[in-house]
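Only one structure is covered here, and it is reproduced in the block below.
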Amino acid sequence: MKILLIGSGGREHALAAALNRDPELTELHVTPGNPGIAAIATCHTINVDENAAVVALAQKLNIDLVVVGPEKPLVNGLADALKAADIPCFGPSQAAAQLEGSKDFAKKVMSDAGVPTARSFTCRTQAEIEKALDAFGAPYVVKHDGLAAGKGVVVTEDRDLAIEHALQSQQVVIEEFLDGPEVSLFGISDGTTVIAMQPAQDFKRAFDGDLGPNTGGMGAYSPLPWAPDDIIEETLEKVLNPTVKEMAARGTPFVGLLYAGLALTSKGTRVIEFNARFGDPETEVLLPRLNTPLAQLLFKAATGALTANMKLDWSADSAVTVVLASKGYPASPQVGEPIMGIHELEGSSVFHAGTTMAGGVLQSAGGRVLAVTGMGSDLTEARDKAYRAISRITLRGSHFRSDIALNAAIAEKGN
């Protein structure tokens, strides 16, 4: 099987590594890729925002399956262009990708499907914004309606800040605040059938103790020893299956990865958001634990061949990912700094997220630079491996959280 993977981040590096483990894979091509991906796949430089260029590359390489990592090409309709060229694609159509592309659209789908979520108002004027904020009270939850690269959501006690953030977008969704821990749970869908993956938890705030601004994600871990035993079954029954059924009923079947961001509230599980692709950095802890051949799984999803009785095979090991971020991230990341120490690491996986080669030297090229994943028999061992590895990497001014999975590891030991 020949696969073309679209993307250049840590998520795509983890996808590439997992696809490479599938014995059915014969060639793995990636565009645009990064230096880490280039070590395990053939990279091509094209503009992935130009659907015709991606289709032409897939045809030239005689690709059997295209796997789309980031959300923007999906919202731009890449899957539709590939379908028109009879090329299987793991990723939803432009219409179905609106589950991520528009918070308002996702809310309407959840309402029609009976999926539990936070009460909300969609607002376009300052008067509507202020009325919604006052209706729910603090903490205020304000979400830009469209794609915002993980930075469109503000949760704050400051009403003025909430208004300021809301006015930066033509349309916003203002929600009630959901209490309880957050969980990410992915479903692989062929448009009719959904196969649930294991849950993971990520850490959005920049600094220890969940302090500082929201980021694209500073770390993650899986499995979740504290999560309810039936969380996968409940999410399938109440969230993933109803959503996929509703999308099919609308004539826009969802094919690809349906990411459900959940809050385990005092009133039950509620959906915080949907994404239409693999989450980052959750992918970096989930795929190293997945024993099921990934290329074959994604091809079945892309070609409508999933069955409800399919079971994924998971390693019993735990995984912890810690993200190394550039100085100034997330507000104003500094790039172009040399990265040292990666090739000396053993016992952990280093996924390139924002790197480039310049003059033969590996350099930072984004806010989140590397995702370092450790695996072990429990969360404590996995944490130890991840932090031992990341501490040996040198990047001037960089920072990372020291408390990823800490509380869960302590609780696990206590049990």
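All residue names refer to the structure tokens as shown: chains lettered A, B, ... in order, residues numbered from 1 in each chain, ligands numbered from 1 in order.
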(message) At a cut-off of 7 Å, using only C-alpha atoms, what residues contact Glu182 (chain A)? Leave out same-chain residues fewer than 3 positions from it and give the result as a list in words.
(response)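 Here the qualifying residues turn out to be Gln201, Leu262, Ala263 and Leu264 of chain A.
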(request) Would you list the contacts of region 113-120 of chain A as a ChimeraX atom specification, taking every protein, DNA or RNA residue within 7 Å and counting only C-alpha atoms, but skipping same-chain residues closer than 2 positions in sequence? (result) /A:109-111,122,173-176,178,238-239,242-243,246,270-272
(request) Show which residues sit within 8 Å of Val30 (chain A), as an MDAnalysis selection string. Count only C-alpha atoms, and ignore same-chain residues fewer than 6 positions away. (result) chainID A and resid 4:7 37 41:44
(message) For region 281-295 of chain A, find every residue with an atom within 6 Å (counting only C-alpha atoms), except residues of its own chain fewer than 3 positions away, and show them as a count of residues only.
(response) 12
(request) Select, from A:Glu27, A:Phe121, A:Asp64, A:Ser348, the residue with the minimum atom-to-atom distance to Ala389 (chain A), counting only C-alpha atoms. (result) A:Ser348
(request) Give me the residues within 8 Å of Gln363 (chain A) as a list in words, counting only C-alpha atoms and dropping any in the same chain fewer than 2 places off. (result)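 Contacts, in chain order: Val335, Gly336, Glu337, Pro338, Ile339, Thr355, Thr356, Met357, Ala358, Val361 and Ala365 of chain A.
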May I have the selected residues written with N, CA and C atoms, as a PDB file, in the first residue's frame?
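The resulting selection_1.pdb:
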```
ATOM      1  N   VAL A 335      12.218  31.687  16.897  1.00  0.00           N
ATOM      2  CA  VAL A 335      12.619  30.545  16.078  1.00  0.00           C
ATOM      3  C   VAL A 335      14.043  30.751  15.574  1.00  0.00           C
ATOM      4  N   GLY A 336      14.554  29.730  14.895  1.00  0.00           N
ATOM      5  CA  GLY A 336      15.894  29.812  14.323  1.00  0.00           C
ATOM      6  C   GLY A 336      17.006  29.466  15.281  1.00  0.00           C
ATOM      7  N   GLU A 337      16.665  28.873  16.439  1.00  0.00           N
ATOM      8  CA  GLU A 337      17.684  28.478  17.411  1.00  0.00           C
ATOM      9  C   GLU A 337      18.106  27.028  17.171  1.00  0.00           C
ATOM     10  N   PRO A 338      19.406  26.714  17.293  1.00  0.00           N
ATOM     11  CA  PRO A 338      19.855  25.331  17.089  1.00  0.00           C
ATOM     12  C   PRO A 338      19.349  24.395  18.186  1.00  0.00           C
ATOM     13  N   ILE A 339      19.065  23.154  17.785  1.00  0.00           N
ATOM     14  CA  ILE A 339      18.590  22.116  18.704  1.00  0.00           C
ATOM     15  C   ILE A 339      19.668  21.042  18.788  1.00  0.00           C
ATOM     16  N   THR A 355      10.381  22.105  13.472  1.00  0.00           N
ATOM     17  CA  THR A 355      11.828  22.082  13.242  1.00  0.00           C
ATOM     18  C   THR A 355      12.118  22.279  11.764  1.00  0.00           C
ATOM     19  N   THR A 356      13.356  22.655  11.479  1.00  0.00           N
ATOM     20  CA  THR A 356      13.814  22.775  10.103  1.00  0.00           C
ATOM     21  C   THR A 356      15.312  22.552  10.074  1.00  0.00           C
ATOM     22  N   MET A 357      15.849  22.217   8.911  1.00  0.00           N
ATOM     23  CA  MET A 357      17.288  22.108   8.722  1.00  0.00           C
ATOM     24  C   MET A 357      17.787  23.353   8.009  1.00  0.00           C
ATOM     25  N   ALA A 358      18.800  23.992   8.573  1.00  0.00           N
ATOM     26  CA  ALA A 358      19.398  25.186   7.970  1.00  0.00           C
ATOM     27  C   ALA A 358      20.913  25.053   8.043  1.00  0.00           C
ATOM     28  N   VAL A 361      22.161  22.218  10.129  1.00  0.00           N
ATOM     29  CA  VAL A 361      21.907  22.282  11.571  1.00  0.00           C
ATOM     30  C   VAL A 361      20.400  22.234  11.820  1.00  0.00           C
ATOM     31  N   ALA A 365      11.581  25.991  14.416  1.00  0.00           N
ATOM     32  CA  ALA A 365      10.861  26.694  13.352  1.00  0.00           C
ATOM     33  C   ALA A 365       9.405  26.951  13.729  1.00  0.00           C
TER      34      ALA A 365
END
```
(message) Using only C-alpha atoms, can you tell me which of A:Gly268, A:Gly91, A:Gly146, A:Gly101 comes closest to Gly191 (chain A)?
(response)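 Smallest separation from Gly191 (chain A) among the options: A:Gly91.
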(message) I'd like the neighbourhood of Val320 (chain A) as a PyMOL selection string, where a residue qualifies if any of its atoms comes within 12 Å (using only C-alpha atoms), though same-chain residues fewer than 3 positions away should be ignored.
(response) chain A and resi 200-203+218-224+281-289+317+323+348-350+371-390+402-406+408-409
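Of the listed residues (A:Ala38, A:Leu65, A:Gly354, A:Ala331), A:Ala331 comes nearest to Ala206 (chain A); the distances count only C-alpha atoms.
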(message) So, with only C-alpha atoms as the atoms that count, which of A:Leu258, A:Ile195, A:Ala84, A:Leu161 lies closest to Leu297 (chain A)?
(response) A:Ile195
(request) Tell me which of A:Val75, A:Leu25, A:Ala17, A:Ala227 sits closest to Gln296 (chain A), counting only C-alpha atoms. (result) A:Leu25
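You can rank A:Arg159, A:Leu362, A:Leu57, A:Pro70 by their closest distance to Asp134 (chain A) using only C-alpha atoms, and at the top of that list sits A:Arg159.
Between CA of His144 (chain A) and CA of Val322 (chain A) the separation is 27.2 Å.
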(request) DSSP on the backbone, then: every residue of region 146-344 of chain A marked helix (DSSP H, G or I), written as a PyMOL selection string. (result) chain A and resi 159-166+208-210+231-249+283-289+294-302+342-344
Save out the residues we just selected, C-alpha atoms, as a compact mmCIF listing (two decimals), in the first residue's frame.
```
# COMPACT_ATOMS: atom_id res chain seq x y z
CA ARG A 159 -15.55 40.08 31.73
CA ASP A 160 -13.69 42.84 29.87
CA LEU A 161 -11.16 40.31 28.57
CA ALA A 162 -13.99 38.02 27.45
CA ILE A 163 -15.61 40.88 25.53
CA GLU A 164 -12.29 41.89 23.97
CA HIS A 165 -11.65 38.35 22.77
CA ALA A 166 -15.19 37.98 21.44
CA ASP A 208 2.80 24.16 35.57
CA GLY A 209 -0.34 24.02 37.65
CA ASP A 210 -2.49 24.80 34.60
CA ILE A 231 -16.06 5.95 29.23
CA ILE A 232 -15.40 4.43 25.79
CA GLU A 233 -18.77 2.68 25.59
CA GLU A 234 -20.63 5.75 26.90
CA THR A 235 -18.90 8.09 24.45
CA LEU A 236 -19.67 5.76 21.56
CA GLU A 237 -23.33 5.51 22.57
CA LYS A 238 -24.02 9.13 23.47
CA VAL A 239 -21.56 11.12 21.36
CA LEU A 240 -19.76 9.44 18.46
CA ASN A 241 -22.47 7.19 17.03
CA PRO A 242 -25.27 9.81 17.23
CA THR A 243 -23.04 12.45 15.61
CA VAL A 244 -21.99 10.20 12.73
CA LYS A 245 -25.63 9.11 12.25
CA GLU A 246 -26.77 12.74 12.16
CA MET A 247 -24.07 13.70 9.65
CA ALA A 248 -25.11 10.82 7.40
CA ALA A 249 -28.77 11.86 7.68
CA THR A 283 -1.77 11.42 18.89
CA GLU A 284 1.79 11.23 20.21
CA VAL A 285 0.65 9.13 23.19
CA LEU A 286 -2.10 7.10 21.50
CA LEU A 287 -0.39 5.81 18.37
CA PRO A 288 2.73 4.46 20.15
CA ARG A 289 0.30 2.32 22.20
CA LEU A 294 -2.74 1.65 11.25
CA ALA A 295 -2.47 1.79 7.45
CA GLN A 296 -4.98 -1.04 7.03
CA LEU A 297 -7.32 0.50 9.61
CA LEU A 298 -7.37 3.92 7.96
CA PHE A 299 -7.80 2.39 4.49
CA LYS A 300 -10.85 0.46 5.70
CA ALA A 301 -12.31 3.66 7.12
CA ALA A 302 -11.65 5.58 3.90
CA ILE A 342 18.21 14.56 20.09
CA HIS A 343 20.37 11.85 18.53
CA GLU A 344 21.84 10.89 21.90
```
